[in-house]
Each structure stands twice: as structure tokens, then as C-alpha cells.
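Colleague: The file below is model-v1.pdb, PDB, C-alpha atoms:
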```
ATOM      1  CA  MET A   1       5.017  -4.390 -21.683
ATOM      2  CA  LYS A   2       7.385  -1.749 -20.316
ATOM      3  CA  THR A   3       4.519   0.259 -18.832
ATOM      4  CA  LYS A   4       2.910  -2.820 -17.269
ATOM      5  CA  TRP A   5       6.201  -3.810 -15.658
ATOM      6  CA  ILE A   6       6.731  -0.307 -14.288
ATOM      7  CA  LEU A   7       3.194  -0.277 -12.837
ATOM      8  CA  SER A   8       3.875  -3.558 -11.032
ATOM      9  CA  ILE A   9       7.017  -2.119  -9.491
ATOM     10  CA  ILE A  10       5.189   1.039  -8.428
ATOM     11  CA  THR A  11       2.417  -0.949  -6.738
ATOM     12  CA  THR A  12       5.089  -2.686  -4.732
ATOM     13  CA  VAL A  13       6.848   0.519  -3.700
ATOM     14  CA  LEU A  14       3.593   2.031  -2.471
ATOM     15  CA  LEU A  15       3.373  -0.673   0.168
ATOM     16  CA  LEU A  16       6.857  -1.581   1.252
ATOM     17  CA  ALA A  17      10.576  -1.200   1.019
ATOM     18  CA  LEU A  18      13.566  -2.913  -0.575
ATOM     19  CA  VAL A  19      14.208  -6.603  -1.101
ATOM     20  CA  ASN A  20      17.043  -8.370   0.651
ATOM     21  CA  PRO A  21      17.654 -11.508  -1.447
ATOM     22  CA  VAL A  22      19.804 -13.271   1.131
ATOM     23  CA  PHE A  23      16.794 -13.957   3.383
ATOM     24  CA  ALA A  24      14.950 -17.252   3.157
ATOM     25  CA  ALA A  25      11.204 -16.837   2.621
ATOM     26  CA  GLU A  26      10.273 -17.823   6.158
ATOM     27  CA  GLU A  27      12.777 -15.324   7.602
ATOM     28  CA  ARG A  28      11.724 -12.246   5.661
ATOM     29  CA  GLU A  29       9.626  -9.481   7.108
ATOM     30  CA  LEU A  30       7.265  -7.281   5.128
ATOM     31  CA  LYS A  31       9.873  -4.524   4.822
ATOM     32  CA  ASP A  32      12.147  -7.023   3.058
ATOM     33  CA  GLU A  33       9.581  -8.037   0.422
ATOM     34  CA  LEU A  34       9.335  -6.977  -3.204
ATOM     35  CA  ILE A  35       5.808  -7.878  -4.309
ATOM     36  CA  TYR A  36       4.780  -8.546  -7.905
ATOM     37  CA  ASP A  37       1.117  -7.548  -8.321
ATOM     38  CA  VAL A  38      -0.661  -9.735 -10.901
ATOM     39  CA  LEU A  39      -3.997 -11.313 -11.815
ATOM     40  CA  VAL A  40      -4.311 -15.033 -12.512
ATOM     41  CA  ASP A  41      -6.376 -14.449 -15.662
ATOM     42  CA  ARG A  42      -3.740 -12.134 -17.145
ATOM     43  CA  TYR A  43      -0.608 -14.153 -16.318
ATOM     44  CA  PHE A  44      -0.365 -17.260 -18.527
ATOM     45  CA  ASN A  45      -2.873 -19.655 -20.087
ATOM     46  CA  LYS A  46      -1.658 -23.251 -19.931
ATOM     47  CA  LYS A  47      -4.804 -25.390 -19.877
ATOM     48  CA  ILE A  48      -7.602 -25.251 -22.429
ATOM     49  CA  ASN A  49     -10.150 -27.388 -20.585
ATOM     50  CA  ASN A  50     -10.998 -24.433 -18.299
ATOM     51  CA  ASP A  51     -11.313 -21.864 -21.106
ATOM     52  CA  TYR A  52     -15.052 -21.263 -20.835
ATOM     53  CA  GLU A  53     -16.127 -18.447 -23.190
ATOM     54  CA  VAL A  54     -12.604 -17.027 -23.151
ATOM     55  CA  ASN A  55     -11.754 -14.157 -25.493
ATOM     56  CA  ALA A  56      -8.137 -13.021 -25.363
ATOM     57  CA  LEU A  57      -8.953 -10.114 -27.711
ATOM     58  CA  ASP A  58     -11.536  -8.588 -25.353
ATOM     59  CA  PRO A  59      -9.963  -6.617 -22.469
ATOM     60  CA  ALA A  60     -13.175  -6.977 -20.438
ATOM     61  CA  ALA A  61     -13.450 -10.760 -20.841
ATOM     62  CA  PHE A  62     -11.685 -13.718 -19.289
ATOM     63  CA  ASN A  63      -8.434 -14.183 -21.241
ATOM     64  CA  GLY A  64      -7.641 -17.718 -20.050
ATOM     65  CA  GLY A  65      -4.866 -17.386 -17.468
ATOM     66  CA  ASP A  66      -4.934 -20.160 -14.887
ATOM     67  CA  PHE A  67      -3.216 -21.568 -11.792
ATOM     68  CA  ASP A  68      -1.210 -24.083 -13.836
ATOM     69  CA  GLY A  69      -0.052 -21.345 -16.175
ATOM     70  CA  MET A  70       1.192 -19.204 -13.314
ATOM     71  CA  ALA A  71       2.901 -22.172 -11.642
ATOM     72  CA  SER A  72       4.772 -22.972 -14.864
ATOM     73  CA  GLU A  73       6.086 -19.434 -15.368
ATOM     74  CA  LEU A  74       7.258 -18.381 -11.908
ATOM     75  CA  LEU A  75      10.880 -17.829 -12.941
ATOM     76  CA  PHE A  76       9.707 -14.721 -14.817
ATOM     77  CA  ALA A  77       8.996 -13.038 -11.474
ATOM     78  CA  LYS A  78      11.767 -14.789  -9.540
ATOM     79  CA  GLU A  79      14.515 -13.682 -11.918
ATOM     80  CA  MET A  80      13.398 -10.037 -11.678
ATOM     81  CA  GLY A  81      14.049 -10.216  -7.942
ATOM     82  CA  PHE A  82      10.488 -10.386  -6.650
ATOM     83  CA  THR A  83      10.024 -12.217  -3.355
ATOM     84  CA  ALA A  84       6.223 -12.440  -3.260
ATOM     85  CA  LEU A  85       3.309 -12.666  -5.690
ATOM     86  CA  SER A  86       0.043 -10.864  -4.987
ATOM     87  CA  ILE A  87      -2.218 -12.853  -7.298
ATOM     88  CA  GLY A  88      -5.547 -11.054  -6.867
ATOM     89  CA  PRO A  89      -8.835 -12.754  -5.928
ATOM     90  CA  VAL A  90      -9.086 -16.453  -6.799
ATOM     91  CA  PHE A  91     -12.701 -17.180  -5.834
ATOM     92  CA  SER A  92     -15.751 -17.908  -7.988
ATOM     93  CA  THR A  93     -16.482 -14.641  -9.769
ATOM     94  CA  ALA A  94     -18.446 -13.001 -12.561
ATOM     95  CA  THR A  95     -15.464 -11.003 -13.892
ATOM     96  CA  TYR A  96     -11.872 -11.751 -14.864
ATOM     97  CA  ASP A  97     -10.446  -9.477 -12.148
ATOM     98  CA  GLY A  98     -12.161 -11.520  -9.430
ATOM     99  CA  LYS A  99     -13.840  -8.560  -7.742
ATOM    100  CA  THR A 100     -17.450  -9.634  -8.287
ATOM    101  CA  VAL A 101     -17.235 -12.709  -6.066
ATOM    102  CA  LYS A 102     -20.023 -15.255  -6.129
ATOM    103  CA  ASP A 103     -18.685 -17.701  -3.543
ATOM    104  CA  TYR A 104     -15.638 -17.443  -1.270
ATOM    105  CA  THR A 105     -15.587 -21.207  -0.740
ATOM    106  CA  LYS A 106     -15.082 -22.108  -4.423
ATOM    107  CA  PHE A 107     -12.272 -21.352  -6.850
ATOM    108  CA  GLU A 108     -13.091 -19.631 -10.114
ATOM    109  CA  ARG A 109     -13.473 -22.401 -12.704
ATOM    110  CA  HIS A 110     -11.541 -20.385 -15.315
ATOM    111  CA  PHE A 111      -8.531 -20.443 -12.983
ATOM    112  CA  GLY A 112      -8.537 -24.105 -11.986
ATOM    113  CA  THR A 113      -9.188 -26.570  -9.201
ATOM    114  CA  GLU A 114      -8.325 -26.812  -5.499
ATOM    115  CA  GLU A 115      -5.483 -29.170  -6.348
ATOM    116  CA  GLU A 116      -4.116 -26.810  -8.993
ATOM    117  CA  PHE A 117      -4.260 -23.873  -6.597
ATOM    118  CA  GLN A 118      -2.401 -25.883  -3.969
ATOM    119  CA  THR A 119       0.211 -26.810  -6.575
ATOM    120  CA  LEU A 120       0.636 -23.115  -7.391
ATOM    121  CA  VAL A 121       1.118 -22.208  -3.731
ATOM    122  CA  ASP A 122       3.617 -25.054  -3.304
ATOM    123  CA  GLU A 123       5.570 -23.996  -6.401
ATOM    124  CA  ILE A 124       5.724 -20.376  -5.206
ATOM    125  CA  HIS A 125       7.039 -21.579  -1.863
ATOM    126  CA  ASN A 126       9.538 -23.872  -3.588
ATOM    127  CA  GLN A 127      10.931 -20.758  -5.284
ATOM    128  CA  GLU A 128      11.283 -19.155  -1.814
ATOM    129  CA  MET A 129       8.591 -16.618  -2.646
ATOM    130  CA  LYS A 130       5.365 -15.862  -0.816
ATOM    131  CA  VAL A 131       1.788 -15.716  -2.068
ATOM    132  CA  ILE A 132      -0.825 -13.101  -1.165
ATOM    133  CA  VAL A 133      -4.521 -13.363  -2.109
ATOM    134  CA  ASP A 134      -6.978 -10.466  -2.465
ATOM    135  CA  ILE A 135     -10.327 -10.492  -0.670
ATOM    136  CA  PRO A 136     -13.035  -8.338  -2.310
ATOM    137  CA  THR A 137     -16.014  -7.492  -0.102
ATOM    138  CA  GLN A 138     -17.432  -4.230  -1.415
ATOM    139  CA  GLN A 139     -18.309  -5.007  -5.056
ATOM    140  CA  VAL A 140     -19.354  -8.645  -4.946
ATOM    141  CA  SER A 141     -21.869 -10.221  -7.313
ATOM    142  CA  ALA A 142     -25.594  -9.744  -6.775
ATOM    143  CA  ASP A 143     -25.664 -13.547  -7.106
ATOM    144  CA  HIS A 144     -23.327 -14.071  -4.150
ATOM    145  CA  VAL A 145     -24.377 -17.207  -2.260
ATOM    146  CA  TRP A 146     -24.661 -15.318   1.026
ATOM    147  CA  ALA A 147     -27.099 -12.809  -0.471
ATOM    148  CA  VAL A 148     -29.770 -15.483  -0.894
ATOM    149  CA  GLU A 149     -30.010 -16.442   2.774
ATOM    150  CA  ASN A 150     -28.741 -13.225   4.347
ATOM    151  CA  PRO A 151     -29.747 -10.225   2.222
ATOM    152  CA  GLU A 152     -29.493  -8.010   5.313
ATOM    153  CA  TRP A 153     -25.719  -8.481   5.217
ATOM    154  CA  PHE A 154     -25.460  -6.377   2.054
ATOM    155  CA  THR A 155     -26.139  -2.969   0.619
ATOM    156  CA  GLU A 156     -26.529  -2.423  -3.108
ATOM    157  CA  ASN A 157     -24.041  -0.294  -5.037
ATOM    158  CA  GLU A 158     -25.013   2.004  -7.907
ATOM    159  CA  ASP A 159     -23.684  -0.489 -10.459
ATOM    160  CA  GLY A 160     -25.842  -3.309  -9.066
ATOM    161  CA  SER A 161     -23.036  -5.064  -7.225
ATOM    162  CA  LEU A 162     -23.287  -5.652  -3.475
ATOM    163  CA  ALA A 163     -21.208  -4.470  -0.530
ATOM    164  CA  LEU A 164     -20.870  -6.554   2.612
ATOM    165  CA  ASP A 165     -21.547  -4.648   5.834
ATOM    166  CA  THR A 166     -18.356  -5.443   7.729
ATOM    167  CA  ALA A 167     -19.710  -3.680  10.825
ATOM    168  CA  ASN A 168     -22.321  -6.437  11.077
ATOM    169  CA  THR A 169     -21.251  -9.054  13.639
ATOM    170  CA  GLU A 170     -22.581 -11.953  11.598
ATOM    171  CA  VAL A 171     -20.690 -10.759   8.519
ATOM    172  CA  GLN A 172     -17.504 -10.443  10.548
ATOM    173  CA  GLU A 173     -17.880 -13.977  11.908
ATOM    174  CA  ALA A 174     -18.631 -15.424   8.465
ATOM    175  CA  LEU A 175     -15.655 -13.740   6.789
ATOM    176  CA  ILE A 176     -13.234 -14.620   9.566
ATOM    177  CA  ALA A 177     -14.346 -18.256   9.709
ATOM    178  CA  THR A 178     -14.144 -18.580   5.914
ATOM    179  CA  PHE A 179     -10.621 -17.223   5.611
ATOM    180  CA  VAL A 180      -9.254 -18.908   8.706
ATOM    181  CA  GLU A 181     -10.300 -22.168   7.048
ATOM    182  CA  PHE A 182      -8.790 -21.023   3.732
ATOM    183  CA  SER A 183      -5.494 -20.119   5.404
ATOM    184  CA  GLU A 184      -5.375 -23.443   7.233
ATOM    185  CA  ALA A 185      -6.093 -25.384   4.053
ATOM    186  CA  TYR A 186      -3.750 -23.666   1.588
ATOM    187  CA  GLN A 187      -1.031 -22.026   3.713
ATOM    188  CA  VAL A 188      -0.994 -18.721   1.857
ATOM    189  CA  ASP A 189       1.224 -15.991   3.285
ATOM    190  CA  GLY A 190      -1.190 -13.118   3.469
ATOM    191  CA  PHE A 191      -4.322 -11.348   2.323
ATOM    192  CA  ARG A 192      -4.934  -7.943   0.795
ATOM    193  CA  LEU A 193      -8.344  -6.517   1.687
ATOM    194  CA  GLN A 194      -9.835  -4.645  -1.261
ATOM    195  CA  ASP A 195     -11.573  -1.292  -0.728
ATOM    196  CA  ALA A 196      -9.899  -1.295   2.654
ATOM    197  CA  ASP A 197     -10.935   2.260   3.494
ATOM    198  CA  LYS A 198     -14.591   1.143   3.491
ATOM    199  CA  LEU A 199     -14.088  -1.676   6.001
ATOM    200  CA  ASP A 200     -14.975  -1.579   9.688
ATOM    201  CA  ALA A 201     -11.783  -1.038  11.695
ATOM    202  CA  ALA A 202     -12.778  -3.495  14.422
ATOM    203  CA  PHE A 203     -13.411  -6.160  11.787
ATOM    204  CA  VAL A 204      -9.967  -5.637  10.253
ATOM    205  CA  SER A 205      -8.333  -5.916  13.664
ATOM    206  CA  ASP A 206     -10.222  -9.121  14.558
ATOM    207  CA  PHE A 207      -9.632 -10.569  11.080
ATOM    208  CA  SER A 208      -5.904  -9.913  11.308
ATOM    209  CA  LYS A 209      -5.639 -11.460  14.769
ATOM    210  CA  ALA A 210      -7.541 -14.597  13.726
ATOM    211  CA  ILE A 211      -5.478 -15.121  10.566
ATOM    212  CA  LYS A 212      -2.177 -14.595  12.358
ATOM    213  CA  GLU A 213      -3.172 -17.244  14.912
ATOM    214  CA  VAL A 214      -3.236 -19.749  12.037
ATOM    215  CA  ARG A 215       0.192 -18.757  10.689
ATOM    216  CA  ASP A 216       2.358 -15.680  10.350
ATOM    217  CA  SER A 217       0.630 -13.712   7.587
ATOM    218  CA  TYR A 218       0.598 -10.254   6.046
ATOM    219  CA  ILE A 219      -2.651  -8.282   6.147
ATOM    220  CA  LEU A 220      -2.458  -5.480   3.579
ATOM    221  CA  SER A 221      -4.597  -2.516   2.550
ATOM    222  CA  ASP A 222      -5.114  -1.537  -1.086
ATOM    223  CA  GLN A 223      -6.058   2.091  -0.384
ATOM    224  CA  GLU A 224      -4.510   5.381   0.604
ATOM    225  CA  MET A 225      -5.436   5.724   4.262
ATOM    226  CA  ALA A 226      -4.069   6.569   7.669
ATOM    227  CA  ASP A 227      -2.266   3.752   9.438
ATOM    228  CA  SER A 228      -4.679   2.545  12.125
ATOM    229  CA  GLY A 229      -2.469  -0.331  13.230
ATOM    230  CA  ALA A 230      -4.946  -2.907  11.945
ATOM    231  CA  PHE A 231      -3.002  -3.448   8.716
ATOM    232  CA  ASP A 232       0.614  -4.495   8.336
ATOM    233  CA  ALA A 233       0.911  -2.000   5.471
ATOM    234  CA  VAL A 234      -1.257   0.683   3.901
ATOM    235  CA  VAL A 235      -0.819   2.890   0.850
ATOM    236  CA  VAL A 236       0.625   6.116   2.231
ATOM    237  CA  PRO A 237      -1.526   9.150   1.319
ATOM    238  CA  GLY A 238       0.037  11.203  -1.457
ATOM    239  CA  VAL A 239       2.619   8.623  -2.489
ATOM    240  CA  GLU A 240       0.569   7.316  -5.425
ATOM    241  CA  ARG A 241       0.433  10.748  -7.073
ATOM    242  CA  HIS A 242       4.207  11.011  -6.747
ATOM    243  CA  TYR A 243       4.729   7.704  -8.521
ATOM    244  CA  VAL A 244       2.199   8.502 -11.239
ATOM    245  CA  ARG A 245       4.431  11.453 -12.144
ATOM    246  CA  LEU A 246       7.442   9.130 -12.070
ATOM    247  CA  ILE A 247       5.690   6.679 -14.420
ATOM    248  CA  ARG A 248       5.025   9.472 -16.905
ATOM    249  CA  ILE A 249       8.707  10.437 -16.851
ATOM    250  CA  LEU A 250       9.834   6.833 -17.346
ATOM    251  CA  ILE A 251       7.403   6.286 -20.228
ATOM    252  CA  ARG A 252       8.914   9.274 -22.044
ATOM    253  CA  ILE A 253      12.451   7.868 -21.668
TER     254      ILE A 253
END
```
Taking this structure as input, can you express it in the form of C-alpha cells?
Modeller:
Amino acid sequence: MKTKWILSIITTVLLLALVNPVFAAEERELKDELIYDVLVDRYFNKKINNDYEVNALDPAAFNGGDFDGMASELLFAKEMGFTALSIGPVFSTATYDGKTVKDYTKFERHFGTEEEFQTLVDEIHNQEMKVIVDIPTQQVSADHVWAVENPEWFTENEDGSLALDTANTEVQEALIATFVEFSEAYQVDGFRLQDADKLDAAFVSDFSKAIKEVRDSYILSDQEMADSGAFDAVVVPGVERHYVRLIRILIRI
């Protein structure tokens, strides 16, 4: 538990600075945020009617965490001083971590319903925290709904998963339209683009502009990369290695 908590803190430090708890959520800037990096499936299991083939003893399987479980246990993060939750991907997926997306327009059934997701977002906001959702595009499922009608949008990875070609204009338009609608519907506070170093820079810039026209939102990278200006925050090259050494020191203490 100690190691997991330390890793969450380190993920936060890689992206941003210190928290200022006197700010209201709508007044804070990214530099004021302390982000708790979690996955819905690994947070808290509250409902059993969405536990399809769940195995909490298998680290590679769905463990049962859901939107309702996260909504009921927010004080855990709030009382540690976190001001935002990065909750990973929430879309229909083949794996518990949400990376192998099947459909961006549906929520993963293990996690819950549209209404339960909206309740989670509302509860996070009620605690004066923000919510950030991950968007995977480079290791999606071979059964992704877009792959049926538009196979030319994808390239196949060595592991059989698919990568969206974000330099393709049609792909750019589809992703932007999908997440503009998502942002309008659920009022999340930002998105983290997974495998950000593999994404077309023009797409990231256009995506960020379109999302920010809906509401003020953070657009984050998950990778060590140079700051191109398209992201609000990137992982600074070399910083991760520094904090890995720090983790090892703290674990020994």
C-alpha cells in the first residue's frame, strides 16, 4: 500500500507542481493541482450486478471496481490533499486498464452506466476536485467498432492490438467530434492522451482547441517528450528516472 501511494504521488509530481488548498476548484490552474492517478477497476467495488467474470485474485483480470465504488470513497483522496482524480479510460474495453478500447461511445459495463458515471463526476465536483479521463488510441482492440467500417484508419501492432493513425484527417475529425460530445455531456475537466509521443502534433493542437471551446479543460501527455505547446503539461525528460531513484530510497526507509 505504501509503494502504491508513493507511485501515485510521483505520477503527480512528474506533471505539475504544488497544491494550494485555498483555491476553489473552478479557480485553480494546472500548476495548483495535485492529481491522484487511479484506475476505476482498482479503486473500490460497490456493486455486484456489474461483476462479469471478475476475479480479484488475478492481477490481469477485472477486479470489480466501479463508478459507484469510486463515488462512495472520494474522501480517501480528498483527505490526502488531492485536488483532481485522473481515473484512466472509462470506455468499453477488453482489459481492466481500459487501454484496449472497443467503443469510445459506450462505458465499460464492468464500471457502470452513463448515469453512474455522471454521478461520479458530480460527486468529484461536489468535493471541489476535478476529474480527468484517459484517451487510449494506440493499443485499441482489434474489435474496435471503427475498425469494421474504416480499417484504413488503423495499423496493427505486434501484439495484435490496433493503433489509430492520428495524422489521418478522418481519424482526427472522428476523435474530436467524439470527445467534444463527451465533454459537453459529462463536463469532465480534462483528458490525458495515452502514448502521446506517437500522436500527430497537429491533431493534438486541434483536439485541444476544440475541447477548450466546450469548457476550460486540461490536455495532458503521459510521456516524456519535449513541450510542443500542444499539451498543457508533459512529462519532463529525465524526471521519471530521478523519481524512480527516490522511490527506491523511500521503500528502504
Colleague: Identify the residues within 7 Å of coordinate (-15.4, -15.0, 11.1) (same frame as the file), considering all atoms listed in the file, and give the answer as a ChimeraX atom specification.
Modeller: /A:172-178
Colleague: With all atoms listed in the file as the counted atoms, please give the residues lying no more than 12 Å from Trp146 in chain A, apart from itself and same-chain residues fewer than 2 positions off, as a list in words.
Modeller: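 Contacts, in chain order: Val101, Lys102, Asp103, Tyr104, Thr105, Thr137, Val140, Ser141, Ala142, Asp143, His144, Val148, Glu149, Asn150, Pro151, Glu152, Trp153, Phe154, Leu162, Ala163, Leu164, Glu170, Val171, Ala174 and Leu175 of chain A.
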Colleague: Write out as JSON lines a residue-level contact list of range 208-230 of chain A versus range 28-34 of chain A with cut-off 12 Å: for each qualifying residue the closest pair of atoms and the distance in Å to one decimal, counting only C-alpha atoms, rows sorted by chain and residue number upward.
Modeller:
```
{"residue": "A:Asp216", "atom": "CA", "partner": "A:Glu29", "partner_atom": "CA", "distance": 10.1}
{"residue": "A:Ser217", "atom": "CA", "partner": "A:Leu30", "partner_atom": "CA", "distance": 9.6}
{"residue": "A:Tyr218", "atom": "CA", "partner": "A:Leu30", "partner_atom": "CA", "distance": 7.4}
{"residue": "A:Ile219", "atom": "CA", "partner": "A:Leu30", "partner_atom": "CA", "distance": 10.0}
{"residue": "A:Leu220", "atom": "CA", "partner": "A:Leu30", "partner_atom": "CA", "distance": 10.0}
```
Colleague: Output the selection as a PDB file, in the coordinates of the input - C-alpha atoms for each residue.
Modeller:
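Final output, selection.pdb:
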```
ATOM      1  CA  ASP A 216       2.358 -15.680  10.350  1.00  0.00           C
ATOM      2  CA  SER A 217       0.630 -13.712   7.587  1.00  0.00           C
ATOM      3  CA  TYR A 218       0.598 -10.254   6.046  1.00  0.00           C
ATOM      4  CA  ILE A 219      -2.651  -8.282   6.147  1.00  0.00           C
ATOM      5  CA  LEU A 220      -2.458  -5.480   3.579  1.00  0.00           C
TER       6      LEU A 220
END
```
Colleague: For Ala167 in chain A, which residue among A:Phe203, A:Phe91, A:Phe179, A:Phe191 is the nearest when counting only C-alpha atoms?
Modeller: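 Using only C-alpha atoms, the shortest distance to Ala167 in chain A belongs to A:Phe203.
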Colleague: Between A:Thr169, A:Asn55, A:Gln223, A:Asn50, single out the one closest to Phe111 in chain A, counting all atoms listed in the file.
Modeller: A:Asn50
Colleague: Got a sec to resolve the PyMOL selection byres ((chain A and resi 234) around 7) on this structure and send the residues as a short mmCIF file (atom, residue, chain, number, x, y, z; two decimals) with C-alpha atoms, in the frame of the given file?
Modeller:
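Final output, result-v7.cif:
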```
data_model
loop_
_atom_site.label_atom_id
_atom_site.label_comp_id
_atom_site.auth_asym_id
_atom_site.auth_seq_id
_atom_site.Cartn_x
_atom_site.Cartn_y
_atom_site.Cartn_z
CA LEU A 15 3.37 -0.67 0.17
CA LEU A 220 -2.46 -5.48 3.58
CA SER A 221 -4.60 -2.52 2.55
CA ASP A 222 -5.11 -1.54 -1.09
CA GLN A 223 -6.06 2.09 -0.38
CA GLU A 224 -4.51 5.38 0.60
CA MET A 225 -5.44 5.72 4.26
CA ASP A 227 -2.27 3.75 9.44
CA PHE A 231 -3.00 -3.45 8.72
CA ALA A 233 0.91 -2.00 5.47
CA VAL A 235 -0.82 2.89 0.85
CA VAL A 236 0.62 6.12 2.23
#
```
